[in-house]
>>> print(open('query_37.csv').read())   # CSV, C-alpha atoms and all ligand atoms
chain,number,residue,atom,x,y,z
A,1,MET,CA,13.3,-3.4,53.4
A,2,ARG,CA,13.7,-2.1,49.9
A,3,ILE,CA,16.9,-3.1,48.1
A,4,ASP,CA,18.0,-1.7,44.7
A,5,VAL,CA,21.0,-2.9,42.8
A,6,VAL,CA,22.6,-0.8,40.1
A,7,THR,CA,25.0,-2.7,37.8
A,8,ILE,CA,26.1,-3.0,34.2
A,9,PHE,CA,25.5,-6.8,34.6
A,10,PRO,CA,21.8,-7.0,35.7
A,11,ASP,CA,21.5,-10.6,34.4
A,12,TYR,CA,24.2,-11.6,36.9
A,13,LEU,CA,22.0,-10.5,39.8
A,14,ALA,CA,18.5,-11.2,38.3
A,15,PRO,CA,18.1,-14.4,40.4
A,16,LEU,CA,18.1,-12.2,43.5
A,17,GLU,CA,14.8,-10.7,42.4
A,18,LEU,CA,13.3,-14.1,42.0
A,19,SER,CA,14.7,-16.6,44.5
A,20,LEU,CA,15.7,-14.6,47.5
A,21,ALA,CA,13.1,-11.9,47.1
A,22,GLY,CA,10.6,-14.7,46.4
A,23,LYS,CA,10.5,-16.0,49.9
A,24,ALA,CA,10.9,-12.6,51.6
A,25,ARG,CA,8.4,-11.0,49.1
A,26,GLU,CA,5.7,-13.5,50.0
A,27,LYS,CA,6.0,-12.2,53.6
A,28,GLY,CA,6.1,-8.6,52.4
A,29,LEU,CA,9.4,-8.0,54.1
A,30,ILE,CA,11.9,-7.5,51.3
A,31,ASP,CA,11.6,-5.9,47.9
A,32,VAL,CA,14.6,-6.4,45.6
A,33,ARG,CA,15.0,-4.6,42.3
A,34,VAL,CA,17.9,-4.9,39.9
A,35,HIS,CA,18.7,-2.0,37.4
A,36,ASP,CA,20.9,-1.8,34.4
A,37,LEU,CA,23.1,1.3,34.7
A,38,ARG,CA,23.2,1.6,30.9
A,39,GLN,CA,19.6,2.7,30.8
A,40,TRP,CA,20.9,6.0,32.2
A,41,THR,CA,23.3,6.6,29.3
A,42,HIS,CA,22.4,8.5,26.2
A,43,ASP,CA,25.1,7.9,23.7
A,44,ARG,CA,24.9,5.3,20.9
A,45,HIS,CA,27.4,3.0,22.6
A,46,ARG,CA,25.8,3.3,26.0
A,47,THR,CA,29.2,4.3,27.5
A,48,VAL,CA,29.7,4.1,31.2
A,49,ASP,CA,33.5,4.4,31.5
A,50,ASP,CA,36.4,6.6,30.3
A,51,THR,CA,40.2,7.1,30.9
A,52,PRO,CA,41.4,8.4,34.2
A,53,TYR,CA,42.4,12.0,34.7
A,54,GLY,CA,46.0,12.1,35.6
A,55,GLY,CA,46.7,9.0,33.6
A,56,GLY,CA,47.2,5.4,34.7
A,57,ALA,CA,45.9,2.0,33.7
A,58,GLY,CA,42.3,0.9,33.4
A,59,MET,CA,39.1,2.8,33.0
A,60,VAL,CA,37.0,4.8,35.5
A,61,MET,CA,33.2,4.8,35.6
A,62,ARG,CA,31.8,8.2,34.4
A,63,PRO,CA,29.7,10.1,36.9
A,64,GLU,CA,26.7,11.1,34.7
A,65,PRO,CA,24.9,7.7,34.5
A,66,TRP,CA,25.3,7.1,38.2
A,67,GLY,CA,24.0,10.6,38.9
A,68,GLU,CA,20.9,10.0,36.8
A,69,ALA,CA,20.4,6.5,38.3
A,70,PHE,CA,20.4,7.9,41.8
A,71,ASP,CA,18.1,10.7,40.8
A,72,ALA,CA,15.7,8.3,39.1
A,73,LEU,CA,15.7,5.8,42.1
A,74,GLY,CA,15.5,8.5,44.7
A,75,ILE,CA,18.1,8.0,47.4
A,76,GLU,CA,17.1,10.6,50.0
A,77,GLY,CA,17.6,9.0,53.4
A,78,ALA,CA,18.7,5.6,51.9
A,79,THR,CA,22.0,3.8,52.7
A,80,VAL,CA,24.0,3.6,49.4
A,81,VAL,CA,26.5,0.8,49.4
A,82,PHE,CA,29.4,1.1,47.0
A,83,THR,CA,31.0,-2.3,46.6
A,84,THR,CA,34.7,-1.8,46.2
A,85,PRO,CA,38.0,-3.6,47.2
A,86,SER,CA,39.0,-0.3,48.8
A,87,GLY,CA,36.0,-0.4,51.2
A,88,GLN,CA,35.5,-1.4,54.8
A,89,PRO,CA,35.7,-5.2,55.2
A,90,PHE,CA,32.3,-6.8,55.3
A,91,THR,CA,31.6,-8.5,58.6
A,92,GLN,CA,28.6,-9.9,60.5
A,93,ALA,CA,28.7,-6.7,62.5
A,94,VAL,CA,28.3,-4.6,59.3
A,95,ALA,CA,25.5,-7.0,58.2
A,96,ARG,CA,23.6,-6.5,61.5
A,97,GLU,CA,23.9,-2.7,61.1
A,98,LEU,CA,22.6,-2.8,57.5
A,99,ALA,CA,19.7,-5.1,58.6
A,100,THR,CA,18.3,-2.1,60.5
A,101,ARG,CA,18.0,0.1,57.4
A,102,ASP,CA,14.7,0.6,55.5
A,103,ARG,CA,16.3,1.1,52.1
A,104,ILE,CA,19.7,0.0,50.7
A,105,VAL,CA,20.9,0.9,47.2
A,106,PHE,CA,23.9,-1.1,46.0
A,107,ALA,CA,26.2,0.6,43.4
A,108,CYS,CA,28.3,-2.1,41.8
A,109,GLY,CA,31.6,-0.7,40.6
A,110,ARG,CA,33.5,-2.1,37.7
A,111,TYR,CA,36.8,-1.2,36.0
A,112,GLU,CA,39.1,0.8,38.3
A,113,GLY,CA,36.3,2.3,40.2
A,114,ILE,CA,33.6,5.1,40.1
A,115,ASP,CA,34.5,8.8,39.7
A,116,GLN,CA,34.9,10.0,43.4
A,117,ARG,CA,32.4,12.9,42.8
A,118,VAL,CA,29.6,10.4,42.6
A,119,LEU,CA,30.2,9.3,46.2
A,120,ASP,CA,30.7,12.9,47.3
A,121,ASP,CA,27.4,13.9,45.7
A,122,VAL,CA,25.5,11.0,47.1
A,123,ALA,CA,26.9,11.8,50.6
A,124,THR,CA,25.0,15.1,50.6
A,125,ARG,CA,21.6,13.3,50.7
A,126,ALA,CA,22.2,9.7,51.7
A,127,GLU,CA,24.4,7.5,53.9
A,128,VAL,CA,27.4,6.3,51.9
A,129,ARG,CA,29.1,3.1,52.8
A,130,GLU,CA,32.1,1.6,50.8
A,131,ILE,CA,32.3,-2.1,51.5
A,132,SER,CA,34.7,-4.8,50.4
A,133,LEU,CA,34.1,-8.5,50.6
A,134,GLY,CA,37.6,-9.2,51.6
A,135,ASP,CA,41.3,-8.9,50.7
A,136,TYR,CA,41.2,-10.3,47.2
A,137,VAL,CA,40.3,-8.8,43.8
A,138,LEU,CA,37.1,-9.5,41.9
A,139,ASN,CA,36.3,-8.2,38.5
A,140,GLY,CA,33.4,-6.1,39.9
A,141,GLY,CA,31.2,-5.5,42.9
A,142,GLU,CA,28.3,-7.7,41.8
A,143,VAL,CA,29.2,-10.8,43.8
A,144,ALA,CA,29.8,-8.5,46.8
A,145,ALA,CA,26.3,-7.1,46.5
A,146,LEU,CA,24.9,-10.6,46.3
A,147,ALA,CA,26.8,-11.8,49.3
A,148,ILE,CA,25.9,-8.7,51.4
A,149,THR,CA,22.2,-8.9,50.4
A,150,GLU,CA,22.1,-12.6,51.5
A,151,ALA,CA,23.8,-11.9,54.8
A,152,VAL,CA,21.6,-8.9,55.6
A,153,VAL,CA,18.2,-10.2,54.5
A,154,ARG,CA,18.4,-13.2,56.8
A,155,LEU,CA,18.8,-10.8,59.7
A,156,VAL,CA,15.7,-8.8,58.9
A,157,PRO,CA,13.2,-9.4,61.7
A,158,GLY,CA,10.6,-11.9,60.6
A,159,PHE,CA,12.6,-13.3,57.8
A,160,MET,CA,13.1,-17.1,57.6
A,161,GLY,CA,15.8,-18.3,60.0
A,162,ASN,CA,15.8,-15.1,62.1
A,163,ALA,CA,15.2,-16.7,65.5
A,164,GLU,CA,17.7,-19.4,64.5
A,165,SER,CA,20.3,-16.9,63.5
A,166,LEU,CA,20.1,-15.1,66.8
A,167,LEU,CA,20.7,-18.4,68.6
A,168,GLU,CA,23.6,-19.2,66.3
A,169,GLU,CA,25.2,-15.9,67.1
A,170,SER,CA,25.2,-16.7,70.8
A,171,HIS,CA,26.7,-20.0,69.9
A,172,THR,CA,29.6,-18.4,68.2
A,173,LEU,CA,30.4,-16.4,71.3
A,174,SER,CA,32.7,-18.0,73.8
A,175,ASP,CA,32.3,-17.5,77.6
A,176,SER,CA,34.9,-14.7,77.3
A,177,GLY,CA,32.9,-13.0,74.6
A,178,ALA,CA,35.4,-13.9,71.8
A,179,ARG,CA,34.1,-15.0,68.4
A,180,LEU,CA,34.8,-18.6,67.7
A,181,LEU,CA,34.4,-20.7,64.6
A,182,GLU,CA,31.8,-23.5,64.8
A,183,TYR,CA,32.8,-26.9,66.2
A,184,PRO,CA,32.6,-29.9,63.8
A,185,VAL,CA,29.2,-31.5,63.5
A,186,TYR,CA,28.1,-35.1,62.9
A,187,THR,CA,24.9,-37.1,62.2
A,188,LYS,CA,23.9,-40.7,61.6
A,189,PRO,CA,25.3,-43.3,60.9
A,190,ALA,CA,27.6,-43.5,64.0
A,191,THR,CA,30.2,-45.3,61.8
A,192,TRP,CA,30.8,-44.4,58.1
A,193,ARG,CA,33.5,-45.8,55.9
A,194,GLY,CA,35.5,-46.7,59.0
A,195,HIS,CA,35.2,-43.2,60.5
A,196,ASP,CA,33.5,-43.1,64.0
A,197,VAL,CA,31.6,-40.2,65.4
A,198,PRO,CA,33.5,-38.9,68.5
A,199,PRO,CA,32.2,-41.1,71.3
A,200,VAL,CA,31.5,-38.1,73.7
A,201,LEU,CA,28.7,-37.1,71.3
A,202,LEU,CA,27.0,-40.5,71.9
A,203,SER,CA,27.5,-40.4,75.7
A,204,GLY,CA,24.4,-38.4,76.7
A,205,ASP,CA,26.6,-36.4,79.0
A,206,HIS,CA,25.5,-32.9,78.1
A,207,ALA,CA,28.2,-31.1,80.1
A,208,ALA,CA,30.9,-33.2,78.5
A,209,ILE,CA,29.5,-32.6,75.1
A,210,ALA,CA,29.4,-28.8,75.6
A,211,SER,CA,33.0,-28.9,76.9
A,212,TRP,CA,34.2,-30.9,73.9
A,213,ARG,CA,32.5,-28.7,71.5
A,214,HIS,CA,33.9,-25.5,73.1
A,215,ASP,CA,37.4,-27.1,73.0
A,216,GLN,CA,37.0,-28.0,69.3
A,217,ALA,CA,35.8,-24.5,68.5
A,218,VAL,CA,38.8,-22.9,70.3
A,219,ARG,CA,41.3,-25.3,68.5
A,220,ARG,CA,39.7,-24.7,65.1
A,221,THR,CA,39.7,-20.9,65.6
A,222,ALA,CA,43.3,-20.9,66.9
A,223,GLU,CA,44.4,-22.9,63.8
A,224,ARG,CA,42.4,-21.2,61.1
A,225,ARG,CA,41.8,-17.7,62.6
A,226,PRO,CA,44.5,-16.8,65.1
A,227,ASP,CA,43.4,-13.2,64.7
A,228,LEU,CA,40.1,-14.1,66.5
A,229,VAL,CA,41.7,-15.8,69.5
A,230,HIS,CA,42.9,-14.1,72.6
A,231,PRO,CA,46.7,-14.7,73.2
A,232,SER,CA,45.9,-16.3,76.6
A,233,VAL,CA,44.2,-19.2,74.8
A,234,LEU,CA,47.3,-19.9,72.7
A,235,LEU,CA,49.6,-19.7,75.8
A,236,ASP,CA,47.3,-22.0,77.9
A,237,ASP,CA,47.2,-24.7,75.3
A,238,VAL,CA,50.1,-27.1,75.1
A,239,GLU,CA,49.9,-27.8,71.5
A,240,ILE,CA,47.4,-27.0,68.8
A,241,ARG,CA,47.3,-29.5,66.1
A,242,PRO,CA,46.0,-28.8,62.6
A,243,VAL,CA,42.4,-29.6,62.1
A,244,ARG,CA,41.4,-31.5,59.0
B,1,LIG,CL1,33.3,-5.2,46.7
B,1,LIG,N1,34.8,-5.5,44.5
B,1,LIG,C1,35.8,-5.9,43.8
B,1,LIG,N2,35.9,-5.6,42.5
B,1,LIG,N3,36.7,-6.8,44.3
B,1,LIG,C2,36.5,-7.1,45.6
B,1,LIG,C3,35.5,-6.7,46.3
B,1,LIG,C4,34.6,-5.8,45.8
B,1,LIG,N4,35.6,-7.2,47.6
B,1,LIG,C5,36.7,-8.0,47.5
B,1,LIG,N5,37.2,-7.9,46.3
>>> encode(input="query_37.csv", output="structure tokens")
Amino acid sequence: MRIDVVTIFPDYLAPLELSLAGKAREKGLIDVRVHDLRQWTHDRHRTVDDTPYGGGAGMVMRPEPWGEAFDALGIEGATVVFTTPSGQPFTQAVARELATRDRIVFACGRYEGIDQRVLDDVATRAEVREISLGDYVLNGGEVAALAITEAVVRLVPGFMGNAESLLEESHTLSDSGARLLEYPVYTKPATWRGHDVPPVLLSGDHAAIASWRHDQAVRRTAERRPDLVHPSVLLDDVEIRPVR
């Protein structure tokens, strides 16, 4: 998989080229390149933004540098991900989908966004995805590109932890197929600062352990992510106490 990231803050994403790509690059699976959008400007001040047509607050990223960037990188057949708080929420399902692509180009937006014509133009020769990290506002899409890259790369077949991640995914599915948060985990020592490991985990009773873990996962999910739990779970349970 080839990943390009276009940003006005390339230093922010430079570690991606080294660390993450380092491991994957050794295996020849992933090639990550970070590009400074300003190299595709021509004016003295390397301007990438301007005031919005129609008025309003903030600045909009001008189309020309983006157009030149995509022309230079060559995006035919690629998936171009525009990171924006107005995008589709990023989920594990989206990560799995992106992990099937041969080539992803991230366009990190700043200011109030990128001129819409850039997306419309890219859409004539590439797959356009607008993706948000979640319902909060960041200064730009750089952190989103980093997070999405990390989530996607670990799903690429052959990459470190791939077999493990597949197992993990089956773990996070309940018998009913619902997504559940992970149960709490413990390791040695059995007692630490007066806190004991739940005795069932020391019992050697594998069925009891599986049942306890499932119950913990359901409680945790109901408490923290009621949106993931089927209403029947909430009705069945007498009382769901807050988890620490
Ligand atoms: Cl992708 N960009 C910005 N600027 N803010 C965000 C985001 C992206 N996702 C969540 N908040």
>>> residues_around(input="query_37.csv", residues="Ile8 of chain A", least_positions_apart="3", cutoff="9 Å", atoms="all atoms listed in the file", output="ChimeraX atom specification")
/A:11,35-38,48,108-110
>>> write_last_selection(input="query_37.csv", atoms="C-alpha atoms", output="PDB file, in the frame of the given file")
ATOM      1  CA  ASP A  11      21.500 -10.600  34.400  1.00  0.00           C
ATOM      2  CA  HIS A  35      18.700  -2.000  37.400  1.00  0.00           C
ATOM      3  CA  ASP A  36      20.900  -1.800  34.400  1.00  0.00           C
ATOM      4  CA  LEU A  37      23.100   1.300  34.700  1.00  0.00           C
ATOM      5  CA  ARG A  38      23.200   1.600  30.900  1.00  0.00           C
ATOM      6  CA  VAL A  48      29.700   4.100  31.200  1.00  0.00           C
ATOM      7  CA  CYS A 108      28.300  -2.100  41.800  1.00  0.00           C
ATOM      8  CA  GLY A 109      31.600  -0.700  40.600  1.00  0.00           C
ATOM      9  CA  ARG A 110      33.500  -2.100  37.700  1.00  0.00           C
TER      10      ARG A 110
END
>>> residues_near_ligand(input="query_37.csv", ligand="ligand LIG 1 (chain B)", cutoff="8 Å", atoms="only C-alpha atoms and all ligand atoms", output="PyMOL selection string")
chain A and resi 82-87+89+108-111+131-145
>>> residues_around(input="query_37.csv", residues="segment 95-101 of chain A", least_positions_apart="2", cutoff="8 Å", atoms="all atoms listed in the file", output="VMD selection string")
chain A and resid 1 78 to 79 90 to 93 103 to 104 148 151 to 153 155 to 156
>>> atom_distance(input="query_37.csv", atom1="atom CA of Ile114 of chain A", atom2="atom CA of Gln88 of chain A")
16.2 Å
>>> closest_residue(input="query_37.csv", among="A:Asp115, A:Gly58, A:Lys27, A:Arg179", to="Asp227 of chain A", atoms="only C-alpha atoms")
A:Arg179
>>> atom_distance(input="query_37.csv", atom1="atom CA of Ser211 of chain A", atom2="atom CA of Lys188 of chain A")
21.4 Å
>>> closest_residue(input="query_37.csv", among="A:Ile75, A:Leu16, A:Leu181, A:Val80", to="Ala147 of chain A", atoms="only C-alpha atoms")
A:Leu16
>>> atom_distance(input="query_37.csv", atom1="atom CA of Glu112 of chain A", atom2="atom CA of Val60 of chain A")
5.3 Å
>>> closest_residue(input="query_37.csv", among="A:Glu223, A:Asp71, A:Asp102, A:Glu130", to="Gln116 of chain A", atoms="all atoms listed in the file")
A:Glu130
>>> axis_aligned_box(input="query_37.csv", around="segment 183-200 of chain A", padding_each_side="8 Å", output="AutoDock Vina command-line options")
--center_x 29.7 --center_y -36.8 --center_z 64.8 --size_x 27.6 --size_y 35.8 --size_z 33.8
>>> closest_residue(input="query_37.csv", among="A:Ser19, A:Thr187, A:His214, A:His45", to="Leu202 of chain A", atoms="only C-alpha atoms")
A:Thr187
